[in-house]
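Comments concern the structure below.
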Amino acid sequence: MSKKIGVFVCHCGTNISATVDVEKVAEEAKKNNPGVSYTTTYKYMCSDPGQKLLRDKIKEEGLDGVVVAACSPKMHEHTFRNASKKAGMNPYHVEISNLREQCSWVHPDKPTGTEKSVDLVRMMTEKTRKDKSLNPIKVPVTKRALVIGGGIAGIQAALDIADAGHEVIMVEREASIGGHMAQLSETFPTLDCSQCIMTPKMVELAQNENITLYTWSEIEAVDGYLGNFDVKIRKKARSVDLDLCTGCSSCWQVCPSKKIKSEFDMGLGKRTAIYIPFPQAIPSKPVLDREHCLLFKDARKKNIPPNDSKVCRKCLDICPIAPVKAIDYTQEDEIITEKIGAIVVATGYKELDDISMYGEYGGGKYKDVITGLQFERLASASGPSEGEIQRPSDGKVPEIIVFIQCVGSRDPAKGCSYCSKTCCMYTAKHTMLYKHKVHHGHAYVFYIDIRCPGKGYEEFSLRAIEEEGATYLRGRVSRVYKKGDKLVVLGADTLTGSVVEIEADMVVLASAMKAQDDAEKFAQKLSIQYDKDKFFSEIHPKLKPVESSSAGIFLAGTCQGPKDIPETVAQAGAAASKVLALLSADELEREPVVAKVDRLPAPIFSTCIGCFYCQRVCPYGAIESEDIKARDGSTIKTVARVNEGLCQGCGLCAATCRSKSVELAGFNDEQVYAEINSVEFN
Amino acid sequence: MSKAEAKPENQFEPKIIAFLCNWCTYAGADLAGTGRKEYQANVRIIKLPCTGGIDPLFLIKAFERGADGILVSGCHPGDCHYNSGNYHARRRWNVFRPLLEFCGINPDRIQFSWISAAEGGKWVETINGIVDAVRELGPFESYQKLNTIGPETSGGAADASSETG
Amino acid sequence: MIEELRKKAEELLKNGTVKVVFGYGEGSVPERTRPVFITKPEDVNKLTWNKYCVYNLTTYLKRQETRKLGKPALILKGCDARTIIVLLKECQIKREDVYIIGVTCDGVGDPLAEKCKACDVHTPLIYDDLVGEKRENKEVPFEERYAELDEYEKLEEKDKWEFWQKQFEKCIKCYACSNICPLCFCDRCIVEKNQPQWIDPSAHPRGNLSWNVTRAYHLAGRCINCEECQRVCPVDIPLNLLNKKLAKEAEKSFDYRPGYNIDDELAMSTYKEDDDEDFFK
Ligand SMILES: Cc1cc2nc3c(=O)[nH]c(=O)nc-3n(C[C@H](O)[C@H](O)[C@H](O)COP(=O)(O)OP(=O)(O)OC[C@H]3O[C@@H](n4cnc5c(N)ncnc54)[C@H](O)[C@@H]3O)c2cc1C
Ligand code: SF4
Ligand code: SF4
Ligand code: SF4
Ligand code: SF4
Ligand code: SF4
């Protein structure tokens, strides 16, 4: 039972031995301690010969416990544990006495340092005596990734993972993938057409055999842990059977309900009740908008099942699919469960669209005061005006246009305190797009600062001013009001110190990029953290920029904070590579430093009394309840059980349990007790 | 203060047990070492993953064994490696410390601090501070003198609950 | 009131709602009562109710012998009923497994028990049936509730130490305190754990301090101040003072009083980001 312990005291060159009498430490370790059967000192324990010495002595002396008195365990605990493992000893029978950081470097007086070192070695020797053999926990990895959100971030991540040969499930809550990038006209800094680079990627995704796409679907629940998530997906009733539908377009052409504001066109265009969001949608199959469909409206009013309403069945009637039509008014939400190994969250952002908050800019008051994304739609060749810049109120081409930057951004009072990062660039882009389309027109930009750090960005924005002739005015706009069919923009030019008044035809607000409205609820579903602005938090802003606070869940794109497309794509690639690293192994090895609730023979079964304090304090939801059953199936006792896959080894449960029924491996009660007990007191 | 030659003869050298979290304060103490920052040698560190894993029993045991002072230290609020461990710990100490004080234990003998992995200097100050404070208080004799020999009367376990009045 | 209690008990036993009624019976002398466990309707006349019904019958919820009797109805004063709320929150009972006959109470004990002096639960906060006229539960100010502590908190450190040492010295480690406590429901109390032995089982001053402090701490944010532990302590250690001190700290720091609200977060398993940390360095 009692261990044969070897104590190896390192000189660390002279780092330790200069102020600690290492020979004495080794000698004292043996004194009055029958458990210690071998001691030695060595110049550099971490060197190859040092490690060999450790391995050899473990074998020769038959050691089953080792104390290395050297530097901080943060430096070489791993090294010595590995060496011991190679010598056939359980690596968790190795403890480190930290003589260098805690003695020799901080206590120059040799006798003092030596005395303390003797104590430190004794403490670890006693702990080692109580060390239990631990084996790495192996968790099998489900080799399938889930990507949530089908914007450019999600698409990029999904393709990267799928191309490496792994299965991917993509869940997108809209009827089509594409996200915001599909809405953009041209993109800075190259002014290439967004659709032209986006559509091929969307098609590639749809055709990739490794990718299963669920559009019009949302995440219902995520359980489990790294390598073994159980994900419930809600497939919302689409009223269209995607397997049957060929996307022939008959239905949306006959739908009589034609005046619904198109979300994709930011309310500037119209769509039908059964519709595809935009021509290049993937899948290019419609969804029936039950809120606006005449049939569903009628059914709701009469309180009858939709199928019983006879008001309109035009789409169903025209659907050419036989014998079973592709349209089904009775379809219901369906919940499916998928096993997943790793998750990429790519749920994107939301444009600050409630511009009525900015009444002083005419937001929400005047039709011709629009947002940045609305301008994108106006400028887009596939947009409501087919790329011609027309003002929403009367279709007139604006001859004078004013752009106001930082609407909602850098405005802690009303909007958000942060900078949305993309607005300076997309406004510069907007002035150019405008100039390219309305040659005789003039663009003004009100800005606070121009922030263009990025490759080619500064040049791009200078081009807007120098080549395209946009007038940049540094200052705030104080008011926008209507005068005839003009919008008068009243602002300050702080550089000349003058007040400017511009009679414009249209005003574009560079509105902020915000977190999705449901970000908080969504984060809670996945147990990931978010910041004060509701963007999801990475665990380390510098060193772990794509890792969420939950192991196995990664972040990509603007759900983590405002960014442009190049940055989004880079982050998506990084997230994908993290996922690939995880999925490349069949099993994950985890440190066995996890908690365990005791189990004893009948009739006690466990000393746990099932108060579940441990469950309440566990930061990782790692504690479950288990019913201990009698042969007849009746419950004898309900007790706690630790899910090893989720436990991160903090020990909170152990310190909370009054009866000490749960303990943390590697830091169990006996080990801590031994440490306290072994300190030599006066 | 900590210079050996400045040490008066027969000066009382208290023993302090420090329960530290692995991620912040233990690393902070390491940093003090790397920076060769000298401090008094009276502290013995017991490392746990998190301050949230420190049971008040550990502190009682340390006193019972003869510690003159105890330090509990971990990550600053908001920085816990396990998100909330230090918050739970802080709650515990919020009730445990007054309890000991109520029983006549000088609160200076049990100190709590937040020391991050970057605060090697704060580690040194904290240790010197507690060592000086406890040295001032003197050995925890009142506790150490408590005997460990009980009366003979060990029987008579009474469940006096059957009647009340 | 006694008649009403008996009638209620009889009804519950007869219609099979419960298998047993935990109540108070007459003791050997009129100034005493004892717990009775009525399983037959014809025995309900053994039930009584008077100002000597001091103790807290919820302790029998944790005992194997009384658990075996089947679903119980308990006669509970307001203070005792608070235990039920804690037990529910700590998953020790299910609401449907106990039937609560609440009794309104103006105070028990002669002289009046300490716990009754600042009572704000004359009418229980949780019950299935209420016997007795409803009383208003007037909140007693914080200072008043903990007034008993003042004189001890004021003592000098040395005097505190001496006072408590005199008390703890007497402890014979009989564990009557934890046995009677309805919230000391562990299957294996920490004192019974011997690997390692955190608390020395033999009675000596050093170990006694550890035991008494640990027991009290284990009830922090949980003790509902029924004063049963102190009542049963054969050597009269004022355990209530320790319990109350912790209750005071929990209330002061966390604004928490156990057994008042079934929906709150248990004080010792939650935290607030702005919990006090003035004592941190
Ligand atoms: C006006 C404007 C102009 C811009 N112009 C440019 C430009 O020219 N160049 C440039 O580089 N950048 C530009 N940007 C920035 C660019 O739009 C973003 O960088 C990019 O679109 C971010 O992509 P994403 O995938 O992170 O997010 P998104 O495009 O927002 O995609 C997120 C996807 O996730 C889905 N989703 C959200 N929540 C859920 C959920 N709970 N479950 C399932 N799915 C969900 C959404 O429906 C969406 O499809 C511009 C931004 C604005 C506002
Ligand atoms: S392990 Fe301890 S804290 Fe957890 S339920 Fe069991 S007794 Fe309660
Ligand atoms: S050690 Fe920490 S993570 Fe593991 S079960 Fe306990 S409280 Fe949860
Ligand atoms: S500690 Fe004492 S007063 Fe508190 S609930 Fe238990 S028995 Fe009652
Ligand atoms: S003293 Fe503590 S460990 Fe013992 S029964 Fe009470 S709560 Fe449980
Ligand atoms: S009842 Fe009194 S004597 Fe018995 S263990 Fe408790 S405090 Fe000690």
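Here, A, B, ... name the chains of the structure tokens in the order displayed, residue numbers run from 1 inside each chain, and ligands are numbered from 1 in the same displayed order.
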
Legend entry - Close residues to ligand 1 using only C-alpha atoms and all ligand atoms, limit 7 Å, as an MDAnalysis selection string: chainID A and resid 148:154 171:174 177:181 184 186:189 217:219 346:351 372:373 376 422:423 426 429 510 513 516 522 556:559 563:566 568

Inset, instruction - Do a neighbour search on B:Ala62 at 9 Å with only C-alpha atoms, toss out local chain neighbours closer than 6 positions, and write the hits as a list in words. - result: Ile676 and Asn677 of chain A; Ile17, Asp68, Gly69 and Ile70 of chain B

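When only C-alpha atoms are used to compute distances to chain B, the closest of the residues C:Leu57, C:Leu266, C:Cys223, C:Ile180 turns out to be C:Ile180.
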
Legend entry - Shell of 8 Å around ligand 4 (only C-alpha atoms and all ligand atoms), written as a ChimeraX atom specification: /C:56,83,177-178,180-184,215-216,219,222-230,239-240,243

Show me, as a tab-separated table (two decimals) with C-alpha atoms, in the first residue's frame, the residues of chain A whose atoms get within 9 Å of chain B, using only C-alpha atoms for the distance check.
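The new file result-v3.tsv reads:
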```tsv
chain	number	residue	atom	x	y	z
A	72	SER	CA	7.60	25.80	-10.85
A	74	LYS	CA	4.12	25.32	-14.58
A	98	ASN	CA	8.73	24.55	-6.38
A	100	ARG	CA	13.28	27.82	-7.54
A	101	GLU	CA	10.43	30.32	-7.79
A	102	GLN	CA	9.38	29.91	-4.17
A	103	CYS	CA	12.76	29.63	-2.42
A	104	SER	CA	16.07	30.11	-4.14
A	105	TRP	CA	15.10	33.12	-6.21
A	106	VAL	CA	13.29	34.94	-3.44
A	107	HIS	CA	15.16	34.00	-0.26
A	108	PRO	CA	18.86	34.85	-0.62
A	109	ASP	CA	19.73	33.65	2.87
A	112	THR	CA	16.39	30.18	5.47
A	113	GLY	CA	15.87	28.99	1.93
A	116	LYS	CA	11.79	26.26	3.70
A	119	ASP	CA	9.34	21.87	4.29
A	120	LEU	CA	8.21	22.16	0.69
A	123	MET	CA	4.67	18.63	1.85
A	549	SER	CA	-15.99	30.04	-23.36
A	617	VAL	CA	-22.28	25.90	-8.04
A	618	CYS	CA	-20.74	23.97	-10.92
A	619	PRO	CA	-19.84	26.54	-13.58
A	620	TYR	CA	-20.04	23.93	-16.34
A	648	GLN	CA	-13.24	21.17	-15.97
A	649	GLY	CA	-11.77	20.31	-12.59
A	650	CYS	CA	-12.29	23.49	-10.64
A	651	GLY	CA	-13.20	21.73	-7.41
A	652	LEU	CA	-16.06	24.05	-6.52
A	653	CYS	CA	-18.33	21.11	-5.96
A	654	ALA	CA	-15.89	19.49	-3.56
A	655	ALA	CA	-15.58	22.60	-1.43
A	656	THR	CA	-19.33	23.08	-1.39
A	657	CYS	CA	-20.31	19.58	-0.38
A	664	LEU	CA	-11.53	16.31	-7.16
A	667	PHE	CA	-6.58	17.44	-5.30
A	672	VAL	CA	-4.87	18.40	0.71
A	673	TYR	CA	-5.05	17.06	4.23
A	675	GLU	CA	-0.17	18.77	2.65
A	676	ILE	CA	-1.59	20.76	5.55
A	677	ASN	CA	-0.62	18.09	7.99
A	679	VAL	CA	3.95	21.44	7.40
A	680	GLU	CA	6.41	21.62	10.23
A	681	PHE	CA	5.06	24.07	12.76
A	682	ASN	CA	7.00	25.74	15.54
```

Rows by chain and residue number, chain A within 9 Å of ligand 5, shortest pair, only C-alpha atoms and all ligand atoms, as a Markdown table:
```
| residue | atom | partner | partner_atom_place_in_ligand_line | distance |
| --- | --- | --- | --- | --- |
| A:Cys657 | CA | ligand 5 | 3 (S) | 8.4 |
| A:Arg658 | CA | ligand 5 | 3 (S) | 4.9 |
| A:Ser659 | CA | ligand 5 | 3 (S) | 4.5 |
| A:Lys660 | CA | ligand 5 | 3 (S) | 7.8 |
```

Nearby residues (only C-alpha atoms) at most 10 Å from stretch 100-107 of chain C, same-chain spacing under 3 positions excluded, as a short mmCIF file (atom, residue, chain, number, x, y, z; two decimals) with N, CA, C and O atoms, in the first residue's frame:
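Full text of selection11.cif as output:
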```cif
data_model
loop_
_atom_site.label_atom_id
_atom_site.label_comp_id
_atom_site.auth_asym_id
_atom_site.auth_seq_id
_atom_site.Cartn_x
_atom_site.Cartn_y
_atom_site.Cartn_z
N MET C 1 -58.86 24.87 19.32
CA MET C 1 -57.81 24.62 18.36
C MET C 1 -57.38 23.16 18.37
O MET C 1 -57.17 22.54 17.33
N LEU C 5 -57.46 20.49 15.33
CA LEU C 5 -56.29 19.71 14.93
C LEU C 5 -56.61 18.23 14.85
O LEU C 5 -56.27 17.54 13.90
N LYS C 8 -58.85 17.41 11.93
CA LYS C 8 -58.09 17.45 10.68
C LYS C 8 -57.26 16.18 10.53
O LYS C 8 -57.24 15.53 9.47
N ALA C 9 -56.59 15.82 11.62
CA ALA C 9 -55.74 14.62 11.61
C ALA C 9 -56.57 13.38 11.30
O ALA C 9 -56.20 12.54 10.48
N VAL C 21 -49.47 11.07 11.17
CA VAL C 21 -49.45 12.48 11.53
C VAL C 21 -48.37 12.69 12.59
O VAL C 21 -48.35 12.00 13.61
N PHE C 22 -47.42 13.58 12.28
CA PHE C 22 -46.41 13.94 13.28
C PHE C 22 -46.98 15.10 14.07
O PHE C 22 -47.25 16.17 13.50
N GLY C 23 -47.13 14.89 15.39
CA GLY C 23 -47.69 15.97 16.17
C GLY C 23 -47.12 15.99 17.58
O GLY C 23 -46.14 15.32 17.89
N TRP C 49 -52.00 20.60 21.75
CA TRP C 49 -51.37 21.84 21.26
C TRP C 49 -51.38 22.83 22.41
O TRP C 49 -52.44 23.11 22.99
N ASN C 50 -50.20 23.30 22.78
CA ASN C 50 -50.12 24.31 23.83
C ASN C 50 -48.76 25.00 23.73
O ASN C 50 -47.98 24.74 22.82
N LYS C 51 -48.52 25.88 24.66
CA LYS C 51 -47.30 26.68 24.54
C LYS C 51 -46.02 25.88 24.84
O LYS C 51 -44.92 26.40 24.73
N TYR C 52 -46.20 24.63 25.19
CA TYR C 52 -44.99 23.83 25.42
C TYR C 52 -44.57 23.05 24.17
O TYR C 52 -43.67 22.23 24.21
N CYS C 53 -45.28 23.31 23.10
CA CYS C 53 -44.93 22.60 21.85
C CYS C 53 -43.76 23.33 21.18
O CYS C 53 -43.90 23.96 20.14
N VAL C 54 -42.60 23.20 21.81
CA VAL C 54 -41.44 23.99 21.41
C VAL C 54 -40.74 23.42 20.18
O VAL C 54 -40.32 24.13 19.30
N PRO C 72 -46.36 11.59 5.57
CA PRO C 72 -46.78 12.21 6.82
C PRO C 72 -47.55 13.53 6.63
O PRO C 72 -47.38 14.21 5.63
N ALA C 73 -48.37 13.81 7.62
CA ALA C 73 -48.85 15.18 7.80
C ALA C 73 -48.08 15.70 9.01
O ALA C 73 -47.89 14.98 9.98
N LEU C 74 -47.59 16.94 8.92
CA LEU C 74 -46.84 17.48 10.06
C LEU C 74 -47.56 18.68 10.62
O LEU C 74 -48.07 19.51 9.86
N ILE C 75 -47.58 18.74 11.92
CA ILE C 75 -48.13 19.92 12.57
C ILE C 75 -46.98 20.90 12.77
O ILE C 75 -46.02 20.61 13.48
N LEU C 76 -47.09 22.02 12.08
CA LEU C 76 -45.94 22.91 12.06
C LEU C 76 -46.30 24.34 12.40
O LEU C 76 -47.26 24.91 11.87
N LYS C 77 -45.47 24.90 13.26
CA LYS C 77 -45.54 26.33 13.55
C LYS C 77 -44.88 27.08 12.39
O LYS C 77 -44.19 26.47 11.56
N GLY C 78 -45.05 28.37 12.40
CA GLY C 78 -44.46 29.16 11.32
C GLY C 78 -42.97 28.95 11.19
O GLY C 78 -42.43 28.80 10.09
N CYS C 79 -42.28 28.92 12.34
CA CYS C 79 -40.83 28.77 12.29
C CYS C 79 -40.46 27.39 11.73
O CYS C 79 -39.57 27.27 10.90
N ASP C 80 -41.18 26.37 12.16
CA ASP C 80 -40.89 25.02 11.69
C ASP C 80 -41.15 24.89 10.19
O ASP C 80 -40.44 24.20 9.47
N ALA C 81 -42.19 25.58 9.76
CA ALA C 81 -42.56 25.48 8.35
C ALA C 81 -41.47 26.06 7.45
O ALA C 81 -41.32 25.67 6.29
N ILE C 84 -39.37 23.44 6.01
CA ILE C 84 -39.90 22.75 4.84
C ILE C 84 -39.42 23.45 3.57
O ILE C 84 -39.01 22.80 2.60
N ARG C 95 -42.76 18.28 -2.50
CA ARG C 95 -43.92 18.93 -1.90
C ARG C 95 -45.08 17.96 -1.74
O ARG C 95 -45.79 17.94 -0.74
N ASP C 97 -45.06 14.96 -1.16
CA ASP C 97 -44.81 13.88 -0.21
C ASP C 97 -45.04 14.26 1.24
O ASP C 97 -44.88 13.43 2.14
N ASP C 110 -41.89 28.57 28.17
CA ASP C 110 -42.21 29.30 29.39
C ASP C 110 -40.96 29.29 30.25
O ASP C 110 -40.61 28.25 30.80
N PRO C 111 -40.21 30.35 30.32
CA PRO C 111 -40.46 31.65 29.70
C PRO C 111 -40.42 31.57 28.16
O PRO C 111 -39.90 30.60 27.62
N LEU C 112 -40.94 32.60 27.54
CA LEU C 112 -41.02 32.63 26.08
C LEU C 112 -39.65 32.31 25.44
O LEU C 112 -38.63 32.86 25.83
N ALA C 113 -39.67 31.38 24.48
CA ALA C 113 -38.42 31.00 23.82
C ALA C 113 -37.81 32.19 23.11
O ALA C 113 -38.52 33.04 22.60
N GLU C 114 -36.48 32.19 23.08
CA GLU C 114 -35.74 33.28 22.43
C GLU C 114 -36.22 33.48 20.98
O GLU C 114 -36.43 34.58 20.51
N LYS C 115 -36.40 32.34 20.31
CA LYS C 115 -36.76 32.40 18.89
C LYS C 115 -38.10 33.11 18.67
O LYS C 115 -38.36 33.64 17.59
N CYS C 116 -38.95 33.11 19.69
CA CYS C 116 -40.28 33.67 19.51
C CYS C 116 -40.29 35.19 19.68
O CYS C 116 -41.22 35.87 19.27
N LYS C 117 -39.23 35.69 20.31
CA LYS C 117 -39.23 37.11 20.63
C LYS C 117 -39.23 38.00 19.39
O LYS C 117 -39.76 39.10 19.43
N ALA C 118 -38.62 37.51 18.34
CA ALA C 118 -38.59 38.33 17.13
C ALA C 118 -39.29 37.60 15.98
O ALA C 118 -38.93 37.70 14.82
N CYS C 119 -40.34 36.87 16.33
CA CYS C 119 -41.01 36.03 15.33
C CYS C 119 -41.75 36.88 14.30
O CYS C 119 -42.46 37.81 14.63
N VAL C 121 -43.26 35.01 11.70
CA VAL C 121 -44.01 33.98 10.97
C VAL C 121 -45.08 33.37 11.88
O VAL C 121 -45.23 32.15 11.94
N HIS C 122 -45.83 34.23 12.56
CA HIS C 122 -46.90 33.71 13.43
C HIS C 122 -47.85 32.85 12.61
O HIS C 122 -48.37 31.85 13.09
N THR C 123 -48.07 33.25 11.38
CA THR C 123 -48.80 32.41 10.46
C THR C 123 -47.79 31.78 9.51
O THR C 123 -47.00 32.48 8.90
N PRO C 124 -47.78 30.44 9.41
CA PRO C 124 -46.79 29.79 8.55
C PRO C 124 -46.86 30.30 7.12
O PRO C 124 -47.92 30.71 6.65
N LEU C 125 -45.71 30.25 6.44
CA LEU C 125 -45.65 30.74 5.06
C LEU C 125 -46.02 29.65 4.06
O LEU C 125 -46.25 29.91 2.90
N ILE C 126 -46.03 28.41 4.54
CA ILE C 126 -46.37 27.31 3.64
C ILE C 126 -47.22 26.31 4.43
O ILE C 126 -46.89 25.97 5.56
N TYR C 127 -48.32 25.91 3.89
CA TYR C 127 -49.17 24.90 4.54
C TYR C 127 -50.21 24.41 3.57
O TYR C 127 -50.48 25.04 2.54
N ASP C 128 -50.80 23.26 3.91
CA ASP C 128 -51.94 22.77 3.13
C ASP C 128 -53.22 23.16 3.84
O ASP C 128 -54.23 23.46 3.21
N ASP C 129 -53.19 23.09 5.18
CA ASP C 129 -54.33 23.51 5.98
C ASP C 129 -53.82 24.40 7.08
O ASP C 129 -52.72 24.18 7.59
N LEU C 130 -54.60 25.36 7.44
CA LEU C 130 -54.18 26.23 8.53
C LEU C 130 -55.17 26.06 9.67
O LEU C 130 -56.37 26.13 9.47
N VAL C 131 -54.61 25.82 10.85
CA VAL C 131 -55.46 25.70 12.03
C VAL C 131 -55.15 26.89 12.93
O VAL C 131 -53.99 27.22 13.16
N GLY C 132 -56.19 27.52 13.41
CA GLY C 132 -56.00 28.71 14.25
C GLY C 132 -56.25 29.95 13.42
O GLY C 132 -56.24 29.92 12.19
N GLU C 133 -56.47 31.03 14.14
CA GLU C 133 -56.81 32.27 13.46
C GLU C 133 -55.57 32.88 12.81
O GLU C 133 -54.51 32.92 13.40
N LYS C 134 -55.74 33.36 11.61
CA LYS C 134 -54.62 33.95 10.87
C LYS C 134 -54.06 35.16 11.62
O LYS C 134 -54.80 36.02 12.07
N ARG C 135 -52.74 35.23 11.78
CA ARG C 135 -52.10 36.38 12.42
C ARG C 135 -51.34 37.15 11.36
O ARG C 135 -50.89 36.59 10.37
N GLU C 136 -51.17 38.40 11.63
CA GLU C 136 -50.37 39.19 10.70
C GLU C 136 -48.89 38.90 10.95
O GLU C 136 -48.44 38.83 12.10
#
```

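Restricting the atom set to only C-alpha atoms and all ligand atoms, one finds that the residues within 8 Å of ligand 2 amount to Val597, Asp598, Thr607, Cys608, Ile609, Gly610, Cys611, Phe612, Tyr613, Cys614, Gln615, Val639, Ala640, Arg641, Cys653, Ala654, Thr656, Cys657, Arg658, Ser659, Lys660, Ser661 and Val662 of chain A; Cys186 of chain C.
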
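The list of residues with at least one atom within 10 Å of A:Ala585, based on only C-alpha atoms and without residues fewer than 6 positions apart in the same chain, reads Pro140, Val141, Thr142, Lys143 and Gly227 of chain A.
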
Based on the selection just made, write N, CA, C and O atoms of those residues as a PDB file, in the first residue's frame.
```pdb
ATOM      1  N   PRO A 140     -14.754   9.851 -26.982  1.00  0.00           N
ATOM      2  CA  PRO A 140     -14.846   9.647 -28.421  1.00  0.00           C
ATOM      3  C   PRO A 140     -15.326  10.925 -29.094  1.00  0.00           C
ATOM      4  O   PRO A 140     -16.044  11.715 -28.493  1.00  0.00           O
ATOM      5  N   VAL A 141     -14.901  11.131 -30.306  1.00  0.00           N
ATOM      6  CA  VAL A 141     -15.268  12.352 -31.014  1.00  0.00           C
ATOM      7  C   VAL A 141     -16.221  12.022 -32.157  1.00  0.00           C
ATOM      8  O   VAL A 141     -15.930  11.163 -32.988  1.00  0.00           O
ATOM      9  N   THR A 142     -17.337  12.670 -32.142  1.00  0.00           N
ATOM     10  CA  THR A 142     -18.249  12.543 -33.281  1.00  0.00           C
ATOM     11  C   THR A 142     -17.682  13.403 -34.398  1.00  0.00           C
ATOM     12  O   THR A 142     -17.499  14.602 -34.234  1.00  0.00           O
ATOM     13  N   LYS A 143     -17.406  12.785 -35.520  1.00  0.00           N
ATOM     14  CA  LYS A 143     -16.705  13.525 -36.569  1.00  0.00           C
ATOM     15  C   LYS A 143     -17.674  14.275 -37.459  1.00  0.00           C
ATOM     16  O   LYS A 143     -17.809  13.993 -38.651  1.00  0.00           O
ATOM     17  N   GLY A 227     -16.802  17.280 -28.481  1.00  0.00           N
ATOM     18  CA  GLY A 227     -16.693  15.959 -29.107  1.00  0.00           C
ATOM     19  C   GLY A 227     -18.008  15.199 -29.132  1.00  0.00           C
ATOM     20  O   GLY A 227     -18.183  14.277 -29.918  1.00  0.00           O
TER      21      GLY A 227
END
```

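All of the residues in chain C within 6 Å of chain B are Glu31, Arg32, Thr33, Arg34, Tyr52, Glu157, Lys160, Trp161, Cys174, Ala176, Ala203, His204, Pro205, Arg206, Val232, Glu249, Tyr271, Phe280 and Lys281 of chain C, where only C-alpha atoms were counted.
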